[in-house]
Structures are given as structure tokens and as C-alpha cells.
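Everything below belongs to my_file-v4.tsv, which stores TSV, C-alpha atoms.
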chain	number	residue	atom	x	y	z
A	138	MET	CA	114.28	135.90	67.22
A	139	ALA	CA	111.78	134.52	69.01
A	140	ILE	CA	109.46	134.76	68.91
A	141	VAL	CA	112.08	136.51	66.78
A	142	VAL	CA	114.21	134.77	65.51
A	143	GLY	CA	112.83	134.49	68.16
A	144	THR	CA	110.93	135.02	67.61
A	145	VAL	CA	110.25	134.52	65.10
A	146	SER	CA	110.25	129.39	64.23
A	147	SER	CA	108.85	123.06	66.14
A	148	MET	CA	109.61	122.17	65.67
A	149	ARG	CA	107.98	122.28	68.88
A	150	LEU	CA	106.01	125.36	68.13
A	151	SER	CA	103.51	124.02	70.38
A	152	TYR	CA	105.27	123.15	73.44
A	153	SER	CA	103.30	123.07	76.49
A	154	LYS	CA	102.14	126.38	77.73
A	155	ALA	CA	104.89	128.03	75.83
A	156	ASP	CA	103.73	127.56	72.48
A	157	ARG	CA	100.69	129.30	72.71
A	158	LEU	CA	101.63	132.14	74.95
A	159	ARG	CA	98.21	132.95	76.27
A	160	THR	CA	97.20	136.10	77.99
A	161	SER	CA	94.20	137.85	79.36
A	162	ARG	CA	92.57	141.21	79.69
A	163	LEU	CA	93.60	143.32	82.63
A	164	VAL	CA	90.19	144.22	83.81
A	165	SER	CA	90.81	146.14	86.98
A	166	PRO	CA	88.83	149.37	86.80
A	167	THR	CA	91.86	151.22	88.09
A	168	THR	CA	94.05	150.10	85.18
A	169	VAL	CA	92.05	150.65	82.04
A	170	SER	CA	94.37	153.42	80.90
A	171	PHE	CA	97.12	150.81	80.28
A	172	PRO	CA	100.01	152.88	81.63
A	173	ARG	CA	103.53	152.15	80.51
A	174	GLN	CA	102.65	150.93	77.04
A	175	ARG	CA	106.29	151.21	76.09
A	176	LEU	CA	108.47	148.19	76.81
A	177	THR	CA	108.43	148.80	80.51
A	178	VAL	CA	106.80	145.49	81.16
A	179	ARG	CA	105.68	146.78	84.55
A	180	ALA	CA	102.09	146.40	83.53
A	181	ALA	CA	99.09	147.33	85.59
A	182	GLU	CA	98.79	145.54	88.87
A	183	ILE	CA	96.56	142.48	88.95
A	184	GLU	CA	94.04	141.95	91.67
A	185	THR	CA	95.11	138.37	92.18
A	186	ASN	CA	92.71	137.94	95.04
A	187	LYS	CA	89.92	138.15	92.47
A	188	VAL	CA	91.52	135.59	90.19
A	189	LYS	CA	92.76	132.94	92.57
A	190	PRO	CA	89.36	131.83	93.85
A	191	GLN	CA	88.59	130.64	90.28
A	192	ALA	CA	91.78	128.63	90.03
A	193	PRO	CA	91.30	124.89	90.29
A	194	ASP	CA	93.59	122.75	92.35
A	195	LYS	CA	96.05	121.90	89.60
A	196	ALA	CA	99.36	122.03	91.41
A	197	PRO	CA	101.63	119.21	90.26
A	198	ALA	CA	102.40	116.34	92.51
A	199	GLY	CA	105.36	116.60	94.83
A	200	ASN	CA	107.30	114.18	92.63
A	201	GLY	CA	107.21	116.50	89.61
A	202	SER	CA	110.05	116.13	87.15
A	203	SER	CA	113.15	118.27	87.59
A	204	ILE	CA	113.86	117.82	83.86
A	205	ASN	CA	110.42	119.22	83.02
A	206	GLN	CA	111.16	122.14	85.29
A	207	LEU	CA	114.37	123.00	83.45
A	208	LEU	CA	112.66	122.64	80.08
A	209	GLY	CA	109.71	124.80	81.13
A	210	ILE	CA	106.96	122.26	80.44
A	211	LYS	CA	104.04	120.72	82.33
A	212	GLY	CA	104.73	118.30	85.17
A	213	ALA	CA	107.61	120.40	86.51
A	214	ALA	CA	108.90	119.95	90.04
A	215	GLN	CA	108.54	122.94	92.34
A	216	GLU	CA	111.87	124.75	92.57
A	217	THR	CA	113.34	127.41	94.84
A	218	ASN	CA	116.67	127.94	93.07
A	219	LYS	CA	116.29	131.30	91.32
A	220	TRP	CA	118.58	130.44	88.42
A	221	LYS	CA	116.62	127.29	87.66
A	222	ILE	CA	113.42	129.33	87.82
A	223	ARG	CA	114.91	131.92	85.46
A	224	LEU	CA	115.78	129.14	83.02
A	225	GLN	CA	112.26	127.71	83.35
A	226	LEU	CA	110.78	131.08	82.34
A	227	THR	CA	112.74	131.03	79.07
A	228	LYS	CA	111.21	127.60	78.22
A	229	PRO	CA	114.25	125.90	76.66
A	230	VAL	CA	111.95	123.31	75.07
A	231	THR	CA	110.86	126.05	72.63
A	232	TRP	CA	114.39	126.85	71.51
A	233	ALA	CA	114.67	123.91	69.09
A	234	PRO	CA	112.54	125.36	66.25
A	235	LEU	CA	114.48	128.62	66.29
A	236	ILE	CA	117.79	126.78	66.11
A	237	TRP	CA	116.41	124.64	63.30
A	238	GLY	CA	115.14	127.74	61.52
A	239	VAL	CA	118.64	129.20	61.49
A	240	VAL	CA	119.94	125.91	60.05
A	241	CYS	CA	117.30	126.02	57.30
A	242	GLY	CA	118.13	129.63	56.47
A	243	ALA	CA	121.84	128.89	56.27
A	244	ALA	CA	121.14	125.89	54.03
A	245	ALA	CA	118.83	127.94	51.79
A	246	SER	CA	121.49	130.62	51.34
A	247	GLY	CA	123.65	128.17	49.39
A	248	ASN	CA	126.66	129.95	50.83
A	249	PHE	CA	127.30	128.13	54.12
A	250	HIS	CA	130.61	126.32	54.36
A	251	TRP	CA	131.77	123.85	56.98
A	252	ASN	CA	134.64	125.95	58.25
A	253	LEU	CA	135.33	127.43	61.68
A	254	GLU	CA	134.12	130.93	60.83
A	255	ASP	CA	130.77	129.93	59.35
A	256	VAL	CA	130.06	127.42	62.10
A	257	SER	CA	130.90	130.08	64.69
A	258	LYS	CA	128.59	132.60	63.02
A	259	SER	CA	125.75	130.10	62.96
A	260	ILE	CA	126.22	129.26	66.64
A	261	VAL	CA	126.09	132.95	67.61
A	262	CYS	CA	122.98	133.37	65.47
A	263	MET	CA	121.38	130.40	67.26
A	264	ILE	CA	122.23	131.89	70.68
A	265	MET	CA	120.70	135.20	69.60
A	266	SER	CA	117.56	133.50	68.30
A	267	ALA	CA	116.94	130.91	71.01
A	268	PRO	CA	118.25	131.59	74.53
A	269	CYS	CA	118.22	135.37	74.15
A	270	LEU	CA	115.27	136.45	72.02
A	271	THR	CA	113.05	133.39	72.43
A	272	GLY	CA	113.86	133.52	76.14
A	273	TYR	CA	112.83	137.19	76.14
A	274	THR	CA	109.62	136.32	74.30
A	275	GLN	CA	108.66	133.51	76.67
A	276	THR	CA	109.44	135.53	79.79
A	277	ILE	CA	107.48	138.60	78.70
A	278	ASN	CA	104.62	136.37	77.65
A	279	ASP	CA	104.54	134.69	81.06
A	280	TRP	CA	104.55	138.14	82.65
A	281	TYR	CA	101.45	139.20	80.76
A	282	ASP	CA	99.98	135.70	81.14
A	283	ARG	CA	100.16	135.77	84.91
A	284	GLU	CA	96.42	136.36	85.34
A	285	ILE	CA	95.32	133.52	83.07
A	286	ASP	CA	98.05	131.29	84.52
A	287	ALA	CA	96.50	131.89	87.92
A	288	ILE	CA	93.49	130.03	86.50
A	289	ASN	CA	95.08	127.40	84.26
A	290	GLU	CA	98.42	126.81	85.98
A	291	PRO	CA	98.54	128.63	89.34
A	292	TYR	CA	101.74	126.82	90.31
A	293	ARG	CA	103.83	128.48	87.56
A	294	PRO	CA	106.74	130.67	88.77
A	295	ILE	CA	105.14	134.12	88.42
A	296	PRO	CA	101.58	133.51	89.72
A	297	SER	CA	102.94	131.32	92.54
A	298	GLY	CA	105.34	134.06	93.67
A	299	ALA	CA	108.45	131.89	93.20
A	300	ILE	CA	110.15	134.84	91.46
A	301	SER	CA	109.64	138.53	92.17
A	302	GLU	CA	108.36	141.22	89.84
A	303	SER	CA	111.69	143.04	89.74
A	304	GLU	CA	113.57	139.83	88.94
A	305	VAL	CA	111.25	139.07	86.02
A	306	ILE	CA	111.57	142.59	84.61
A	307	THR	CA	115.37	142.48	84.89
A	308	GLN	CA	115.44	139.17	83.04
A	309	ILE	CA	113.30	140.56	80.22
A	310	TRP	CA	115.64	143.50	79.64
A	311	VAL	CA	118.86	141.48	79.88
A	312	LEU	CA	117.66	138.93	77.32
A	313	LEU	CA	116.30	141.57	74.94
A	314	LEU	CA	119.41	143.75	74.98
A	315	GLY	CA	121.68	140.71	74.80
A	316	GLY	CA	119.86	139.42	71.71
A	317	LEU	CA	119.91	142.79	69.95
A	318	GLY	CA	123.60	143.20	70.77
A	319	LEU	CA	124.43	139.82	69.22
A	320	ALA	CA	122.36	140.74	66.13
A	321	GLY	CA	124.42	143.89	65.66
A	322	LEU	CA	127.63	141.89	66.12
A	323	LEU	CA	126.55	139.44	63.41
A	324	ASP	CA	125.94	142.26	60.94
A	325	VAL	CA	129.45	143.62	61.54
A	326	TRP	CA	130.92	140.12	61.31
A	327	ALA	CA	129.14	139.43	58.01
A	328	GLY	CA	130.19	142.82	56.58
A	329	HIS	CA	126.64	144.00	55.94
A	330	ASN	CA	126.26	147.57	54.73
A	331	PHE	CA	122.67	147.47	56.00
A	332	PRO	CA	122.18	145.85	59.45
A	333	VAL	CA	119.57	143.36	58.24
A	334	VAL	CA	120.02	140.86	61.08
A	335	PHE	CA	119.66	143.61	63.69
A	336	TYR	CA	116.43	144.88	62.13
A	337	LEU	CA	115.05	141.34	61.91
A	338	ALA	CA	115.81	140.90	65.61
A	339	LEU	CA	114.29	144.26	66.45
A	340	GLY	CA	111.16	143.54	64.41
A	341	GLY	CA	110.79	140.11	65.97
A	342	SER	CA	111.16	141.58	69.46
A	343	LEU	CA	108.46	144.14	68.74
A	344	LEU	CA	106.19	141.40	67.41
A	345	SER	CA	106.78	139.42	70.60
A	346	TYR	CA	105.81	142.42	72.70
A	347	ILE	CA	102.59	143.30	70.88
A	348	TYR	CA	101.66	139.60	70.81
A	349	SER	CA	101.50	139.50	74.60
A	350	ALA	CA	101.07	143.06	75.85
A	351	PRO	CA	98.22	145.56	75.88
A	352	PRO	CA	96.79	147.37	74.11
A	353	LEU	CA	97.17	145.22	70.96
A	354	LYS	CA	97.56	141.74	72.47
A	355	LEU	CA	97.56	139.90	69.15
A	356	LYS	CA	96.97	136.61	70.93
A	357	GLN	CA	93.44	137.71	71.80
A	358	ASN	CA	92.53	136.88	68.19
A	359	GLY	CA	92.95	133.22	67.37
A	360	TRP	CA	93.78	133.80	63.68
A	361	ILE	CA	96.14	136.77	63.95
A	362	GLY	CA	97.83	135.59	67.12
A	363	ASN	CA	98.52	132.07	65.88
A	364	PHE	CA	99.84	133.28	62.52
A	365	ALA	CA	102.16	135.74	64.28
A	366	LEU	CA	103.38	132.88	66.44
A	367	GLY	CA	103.93	130.64	63.43
A	368	ALA	CA	105.84	133.34	61.56
A	369	SER	CA	108.02	133.96	64.59
A	370	TYR	CA	109.06	130.33	64.85
A	371	ILE	CA	109.44	129.55	61.15
A	372	SER	CA	110.03	132.69	59.08
A	373	LEU	CA	112.14	134.93	61.31
A	374	PRO	CA	114.94	132.48	62.21
A	375	TRP	CA	115.06	131.30	58.60
A	376	TRP	CA	115.39	134.89	57.42
A	377	ALA	CA	118.15	135.56	59.93
A	378	GLY	CA	120.15	132.49	58.90
A	379	GLN	CA	119.78	133.23	55.20
A	380	ALA	CA	120.59	136.94	55.57
A	381	LEU	CA	123.69	136.07	57.60
A	382	PHE	CA	125.20	133.86	54.91
A	383	GLY	CA	123.54	135.09	51.72
A	384	THR	CA	120.76	137.31	50.43
A	385	LEU	CA	117.17	137.32	51.66
A	386	THR	CA	115.06	137.38	48.49
A	387	PRO	CA	111.34	138.21	48.03
A	388	ASP	CA	110.47	134.68	46.88
A	389	ILE	CA	111.94	133.21	50.07
A	390	ILE	CA	110.02	135.72	52.17
A	391	VAL	CA	106.76	134.67	50.49
A	392	LEU	CA	107.55	130.95	50.73
A	393	THR	CA	108.40	131.07	54.44
A	394	LEU	CA	105.34	133.17	55.23
A	395	LEU	CA	103.27	130.53	53.45
A	396	TYR	CA	104.96	127.89	55.59
A	397	SER	CA	103.98	129.96	58.62
A	398	ILE	CA	100.37	128.94	58.00
A	399	ALA	CA	101.48	125.46	59.03
A	400	GLY	CA	102.92	127.15	62.12
A	401	LEU	CA	99.46	128.60	62.74
A	402	GLY	CA	98.08	125.08	62.76
A	403	ILE	CA	100.75	123.90	65.17
A	404	ALA	CA	99.99	126.82	67.48
A	405	ILE	CA	96.30	125.87	67.55
A	406	VAL	CA	97.28	122.49	69.01
A	407	ASN	CA	98.25	124.27	72.22
A	408	ASP	CA	94.97	126.16	72.45
A	409	PHE	CA	92.96	123.08	73.33
A	410	LYS	CA	94.50	122.67	76.78
A	411	SER	CA	93.72	126.30	77.66
A	412	ILE	CA	90.03	126.28	76.79
A	413	GLU	CA	88.95	126.61	80.42
A	414	GLY	CA	90.94	129.75	81.14
A	415	ASP	CA	90.17	131.26	77.74
A	416	ARG	CA	86.45	130.95	78.30
A	417	VAL	CA	86.65	132.45	81.78
A	418	LEU	CA	88.56	135.48	80.49
A	419	GLY	CA	86.74	135.85	77.17
A	420	LEU	CA	89.70	135.05	74.88
A	421	GLN	CA	88.68	134.01	71.37
A	422	SER	CA	91.04	131.13	70.70
A	423	LEU	CA	89.86	128.97	67.82
A	424	PRO	CA	88.71	126.05	70.03
A	425	VAL	CA	86.62	128.53	72.03
A	426	ALA	CA	85.29	130.37	68.97
A	427	PHE	CA	84.50	127.33	66.78
A	428	GLY	CA	84.31	124.45	69.24
A	429	VAL	CA	86.73	121.56	69.65
A	430	ASP	CA	85.49	119.49	66.68
A	431	THR	CA	85.72	122.30	64.14
A	432	ALA	CA	88.99	123.71	65.50
A	433	LYS	CA	90.80	120.37	65.28
A	434	TRP	CA	90.01	120.16	61.54
A	435	ILE	CA	91.12	123.77	61.00
A	436	CYS	CA	94.35	122.83	62.73
A	437	VAL	CA	95.21	119.76	60.63
A	438	GLY	CA	93.98	121.48	57.47
A	439	ALA	CA	96.37	124.40	57.97
A	440	ILE	CA	99.28	122.03	58.55
A	441	ASP	CA	98.63	119.62	55.68
A	442	ILE	CA	97.37	121.98	52.98
A	443	THR	CA	100.33	124.31	53.53
A	444	GLN	CA	102.89	121.55	53.03
A	445	ILE	CA	101.07	120.18	49.99
A	446	SER	CA	100.99	123.71	48.51
A	447	VAL	CA	104.72	124.13	49.08
A	448	ALA	CA	105.32	120.76	47.41
A	449	GLY	CA	103.27	122.01	44.46
A	450	TYR	CA	105.42	125.15	44.30
A	451	LEU	CA	108.59	123.07	44.27
A	452	LEU	CA	107.17	120.81	41.57
A	453	GLY	CA	106.29	123.82	39.44
A	454	SER	CA	109.83	125.15	39.93
A	455	GLY	CA	111.33	121.98	38.50
A	456	LYS	CA	112.35	120.56	41.89
A	457	SER	CA	110.38	117.34	41.46
A	458	TYR	CA	112.53	115.15	43.73
A	459	TYR	CA	112.32	117.65	46.57
A	460	ALA	CA	108.56	117.95	46.02
A	461	LEU	CA	108.13	114.18	46.23
A	462	ALA	CA	110.29	114.03	49.36
A	463	LEU	CA	108.14	116.69	51.00
A	464	LEU	CA	104.93	114.85	50.11
A	465	ALA	CA	106.40	111.65	51.54
A	466	LEU	CA	106.99	113.47	54.83
A	467	VAL	CA	103.36	114.65	54.92
A	468	ILE	CA	101.99	111.07	54.88
A	469	PRO	CA	103.12	110.04	58.40
A	470	GLN	CA	101.84	113.36	59.76
A	471	VAL	CA	98.37	112.56	58.42
A	472	VAL	CA	98.57	109.07	59.92
A	473	PHE	CA	99.38	110.46	63.37
A	474	GLN	CA	96.65	113.06	63.05
A	475	PHE	CA	94.03	110.33	62.66
A	476	GLN	CA	95.70	108.06	65.20
A	477	TYR	CA	95.97	110.66	67.96
A	478	PHE	CA	94.95	114.26	67.42
A	479	LEU	CA	91.60	113.90	65.67
A	480	LYS	CA	90.48	111.31	68.24
A	481	ASP	CA	91.03	113.61	71.20
A	482	PRO	CA	93.07	116.82	70.70
A	483	ILE	CA	93.11	117.53	74.43
A	484	LYS	CA	94.23	114.10	75.61
A	485	TYR	CA	96.70	113.35	72.83
A	486	ASP	CA	98.14	116.80	72.04
A	487	VAL	CA	101.63	116.07	73.39
A	488	LYS	CA	101.79	112.57	71.90
A	489	TYR	CA	100.69	113.89	68.52
A	490	GLN	CA	103.27	116.64	68.51
A	491	ALA	CA	106.07	114.29	69.52
A	492	SER	CA	105.10	111.84	66.76
A	493	ALA	CA	104.24	114.14	63.85
A	494	GLN	CA	106.30	117.28	64.15
A	495	PRO	CA	109.71	115.72	63.43
A	496	PHE	CA	108.41	115.03	59.92
A	497	LEU	CA	107.27	118.65	59.51
A	498	VAL	CA	110.68	119.83	60.66
A	499	LEU	CA	112.44	117.60	58.13
A	500	GLY	CA	110.11	119.01	55.48
A	501	LEU	CA	111.37	122.48	56.28
A	502	LEU	CA	114.94	121.38	55.64
A	503	VAL	CA	113.94	119.68	52.39
A	504	THR	CA	112.36	122.95	51.26
A	505	ALA	CA	115.43	124.94	52.29
A	506	LEU	CA	117.77	122.64	50.36
A	507	ALA	CA	115.46	122.86	47.33
A	508	THR	CA	115.61	126.64	47.29
A	509	SER	CA	119.40	126.65	47.57
A	510	HIS	CA	119.81	124.80	44.24
Take the structure from the file and write it as C-alpha cells.
Amino acid sequence: MAIVVGTVSSMRLSYSKADRLRTSRLVSPTTVSFPRQRLTVRAAEIETNKVKPQAPDKAPAGNGSSINQLLGIKGAAQETNKWKIRLQLTKPVTWAPLIWGVVCGAAASGNFHWNLEDVSKSIVCMIMSAPCLTGYTQTINDWYDREIDAINEPYRPIPSGAISESEVITQIWVLLLGGLGLAGLLDVWAGHNFPVVFYLALGGSLLSYIYSAPPLKLKQNGWIGNFALGASYISLPWWAGQALFGTLTPDIIVLTLLYSIAGLGIAIVNDFKSIEGDRVLGLQSLPVAFGVDTAKWICVGAIDITQISVAGYLLGSGKSYYALALLALVIPQVVFQFQYFLKDPIKYDVKYQASAQPFLVLGLLVTALATSH
């Protein structure tokens, strides 16, 4: 859910351009009425001839990586195969946190068993959350990001014209309807009287839409947008996995929303590389609003303080061993923050994420196991 369960939870919550799904204001005087505010995705036309002159020459070298292209990250090779381009738009590199979120939710339910039926249910839930609803989220975000991408990354599939408008819109609808259909199937399979998984998927899909699309465009606000992103990658898939195998309780909802503050910090990591385009288009990301030096401390503070607070909650609940395990996983994250991120958040963003985030992800599982006992 992508943003849901998808959207909702990585966790590479920060993955390249994906993580921080940036967008811009459609400023054409002929489009201020924002027609088609429903999920028609055929947003107002962009006067690309006004945007492209500002775009720097950032096209990747001819020897770009084909693996990066399939994963949907920077350094991708230019591709003409439409199916590979479609896959690139879904940014498979961002699927991992959603899959992990489902695992954490299933573990937290205390009712997952290693048998064929439960494993099959979890796999379907992962497909709903990652390829379908996260793919929907990433594609619709790229659609509404096409103007800012023309500045930051003009070689991406949509601003470069590698895929047509109608093909993008078709992909958005197929992924959305496919994800919602699987959510409904899971509710029937689990014997739910109330279709909780379907409504989580529907809510996550709506959150994905208003995150990227006018008139709300939550991403225009650095605080609200990043928290919505964090909740989508951490809370929603967890809720889906737990609701599928057990009962989603108020204390779990509060705990995972608290953990989403760490997701906010992870999302900020991706804002640093988009400062140029954000400033041009007037977007108030935290690095633009507070400056690089202040924003990098907000980022690490949100990540570290959240995990320490969760460890305190576990300690107060009598789960001392789990609390100590979580604190132990925070230590290497702090080390990598000083070693890489705090030195230069723009230069070392990818290296920091690759080094530190596996420990945050393991901390999520520790927390899930603690709540299941």
C-alpha cells in the first residue's frame, strides 16, 4: 500500500528520486482551475518549453547501468523497451520496505504460521503492497513530478518522452485496480466480516494521490509530506500484515505512527539532492526552508530520537531484552551518521542509506516481535 501499503513502509524509504516523490506547482495561467481533480491523472498540460531551458545537462552517460534502469534509480541506462520503462516507473528498489512492513505486521500479529496457506496469503499481501500499490504510487508521483524532473532529471522516462501520456495513465489505473482487487481478495480469504485490508489499501491509495496531485499536494510541505511518506512505508504495510493474520489494535496504530517519524527523517535524506529544483519551483522542502546544516540535524534527530523513544516504550512494557536489542541497533546508525551523512548529506546520501538503514529495518522487526509476545 504504497505508498499504501503502499503505500503506505526502507527500508529504502529514501531511494533515489523515488523516495521523496517531489512535485511542483503547475503554473500555467491556463490551468489554474486544476481540472480533473478526481483520479483522472490527466492533469493540466505543462508548457515544457518554458521548463526545459532551465534544465541542466544532467543526462547520464551512455554506459548507464541496465540494472539501475530496472530498479528505477539514478545512473540508469537509456531504454526503449516499453516494458522495461514501465517497470522503471514503478521503482522496484522502493518495494523492499513495503514487503518488510508486511513481514513485521505478520510477526506482530502473533498468529502467523509457517504453513502453505499463511505463506501464500503473505505473498499475495506483498504483491498488493509492493508491485501494485507502491508501483501505482511511484508512477502517479512521476506523472505529477514531470515538471520538476525536467529540471532535476530531464532524462527520466516521462519528461524525456520515452513513454506516452496515455501509456502512463493506463499503467496508473491497472496498478491501482489490481492492488484494490487483491486487497478485497485477501479480506475474503481471511474471513473478515469488515474488509479492513481493502479499506487500508483504499486509504493508502488516496494518500498517495493527494501526496502528489493538486490541489493538496502534501509534498509541498516538508513536514506533512515527509510524515505522510514515512507512514506509507512503515505504518500501512505493517497494518495490512497484522490485520490479515490477527487484529489491528489501537496501541499498535500509535506505535507504528510514532515509528513513522523515523520514516520522516529517512524521507528528508532524499530532499538534499533535489534542492536545486525545489528552489526554482518554490517548494518548501526542509533543506530549502532551514538550510542544509539545520536540515541534516533534523533528519538524524527524527531517526534516532524515534527509535530511542520506542525502546523506552518497550522497556516500560517489560520487554527489556527487546528494548536493549533495539538500542544496540541504533548505535551503528549513529556511527554512520557521523561518518557519512553529517559530513556531507548531498555527497554521501546513498552511502549512508546503504550502511545505516539495514539496522533500522532490523529494529522494526525487533519491535514487531516484542509486540507479539
Problem set entry | Minimum-distance residue to Gly378 in chain A, chosen among A:Val334, A:Leu319, A:Leu208, A:Leu312 (using only C-alpha atoms) | A:Val334
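Between CA of Gly414 in chain A and CA of Thr431 in chain A there is a distance of 19.3 Å.
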Please report as JSON lines every residue of range 325-438 of chain A lying within 9 Å of range 233-253 of chain A, along with the nearest atom pair and their distance in Å (one decimal), using all atoms listed in the file.
{"residue": "A:Ser369", "atom": "CA", "partner": "A:Leu235", "partner_atom": "CA", "distance": 8.6}
{"residue": "A:Tyr370", "atom": "CA", "partner": "A:Leu235", "partner_atom": "CA", "distance": 5.9}
{"residue": "A:Ile371", "atom": "CA", "partner": "A:Gly238", "partner_atom": "CA", "distance": 6.0}
{"residue": "A:Ser372", "atom": "CA", "partner": "A:Gly238", "partner_atom": "CA", "distance": 7.5}
{"residue": "A:Leu373", "atom": "CA", "partner": "A:Gly238", "partner_atom": "CA", "distance": 7.8}
{"residue": "A:Pro374", "atom": "CA", "partner": "A:Gly238", "partner_atom": "CA", "distance": 4.8}
{"residue": "A:Trp375", "atom": "CA", "partner": "A:Gly242", "partner_atom": "CA", "distance": 4.1}
{"residue": "A:Trp376", "atom": "CA", "partner": "A:Gly242", "partner_atom": "CA", "distance": 6.0}
{"residue": "A:Ala377", "atom": "CA", "partner": "A:Val239", "partner_atom": "CA", "distance": 6.6}
{"residue": "A:Gly378", "atom": "CA", "partner": "A:Gly242", "partner_atom": "CA", "distance": 4.3}
{"residue": "A:Gln379", "atom": "CA", "partner": "A:Gly242", "partner_atom": "CA", "distance": 4.2}
{"residue": "A:Ala380", "atom": "CA", "partner": "A:Ser246", "partner_atom": "CA", "distance": 7.7}
{"residue": "A:Leu381", "atom": "CA", "partner": "A:Ala243", "partner_atom": "CA", "distance": 7.5}
{"residue": "A:Phe382", "atom": "CA", "partner": "A:Asn248", "partner_atom": "CA", "distance": 5.8}
{"residue": "A:Gly383", "atom": "CA", "partner": "A:Ser246", "partner_atom": "CA", "distance": 4.9}
{"residue": "A:Thr384", "atom": "CA", "partner": "A:Ser246", "partner_atom": "CA", "distance": 6.8}
{"residue": "A:Leu385", "atom": "CA", "partner": "A:Ser246", "partner_atom": "CA", "distance": 8.0}
{"residue": "A:Ile389", "atom": "CA", "partner": "A:Ala245", "partner_atom": "CA", "distance": 8.8}
For this session: Just the residues within 12 Å of Gly315 in chain A, please, counting all atoms listed in the file, with nothing from its chain fewer than 2 positions along; format it as a ChimeraX atom specification.
Result: /A:138,261-262,264-273,308-313,317-322,335,338-339,342
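Put simply, CA of Ile445 in chain A is 20.6 Å away from CA of Trp360 in chain A.
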Problem set entry | Residues within 9 Å of (91.7, 122.2, 65.7), counting all atoms listed in the file, listed as JSON, numbers by chain | {"A": [402, 405, 406, 408, 409, 423, 424, 427, 428, 429, 430, 431, 432, 433, 434, 435, 436, 437, 438, 478, 479, 482]}
Exercise. How many Å separate CA of Ile260 in chain A from CA of Gly367 in chain A?
Worked result: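 Computing it gives 22.6 Å between the two atoms.
Proximity of A:Ser202, A:Ser259, A:Ser349, A:Ala214 to Ala327 in chain A, computed with only C-alpha atoms, is greatest for A:Ser259.
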For this session: Excluding Ala350 in chain A and residues on its chain fewer than 3 positions from it, collect all residues at most 8 Å away from it, counting all atoms listed in the file, and give them as number ranges by chain.
Result: A: 278, 281, 346-347, 353-354
Problem set entry | Polymer residues at most 8 Å from Gln444 in chain A, all atoms listed in the file, same-chain spacing of 6 or more positions, as an MDAnalysis selection string | chainID A and resid 396 399 463:464 467
Filtering to C-alpha atoms, could you give me those residues as a PDB file, in the coordinates of the input?
ATOM      1  CA  TYR A 396     104.960 127.890  55.590  1.00  0.00           C
ATOM      2  CA  ALA A 399     101.480 125.460  59.030  1.00  0.00           C
ATOM      3  CA  LEU A 463     108.140 116.690  51.000  1.00  0.00           C
ATOM      4  CA  LEU A 464     104.930 114.850  50.110  1.00  0.00           C
ATOM      5  CA  VAL A 467     103.360 114.650  54.920  1.00  0.00           C
TER       6      VAL A 467
END
Problem set entry | Using all atoms listed in the file: which of A:Ala448, A:Thr227, A:Val256, A:Ala404 has the shortest distance to Leu392 in chain A |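 Going through A:Ala448, A:Thr227, A:Val256, A:Ala404 one by one, the smallest distance to Leu392 in chain A is for A:Ala448.
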Problem set entry | From A:Lys480, A:Asn363, A:Leu420, A:Gly500, residue lying nearest Thr443 in chain A [only C-alpha atoms] |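 For Thr443 in chain A, the nearest of the given residues is A:Gly500.
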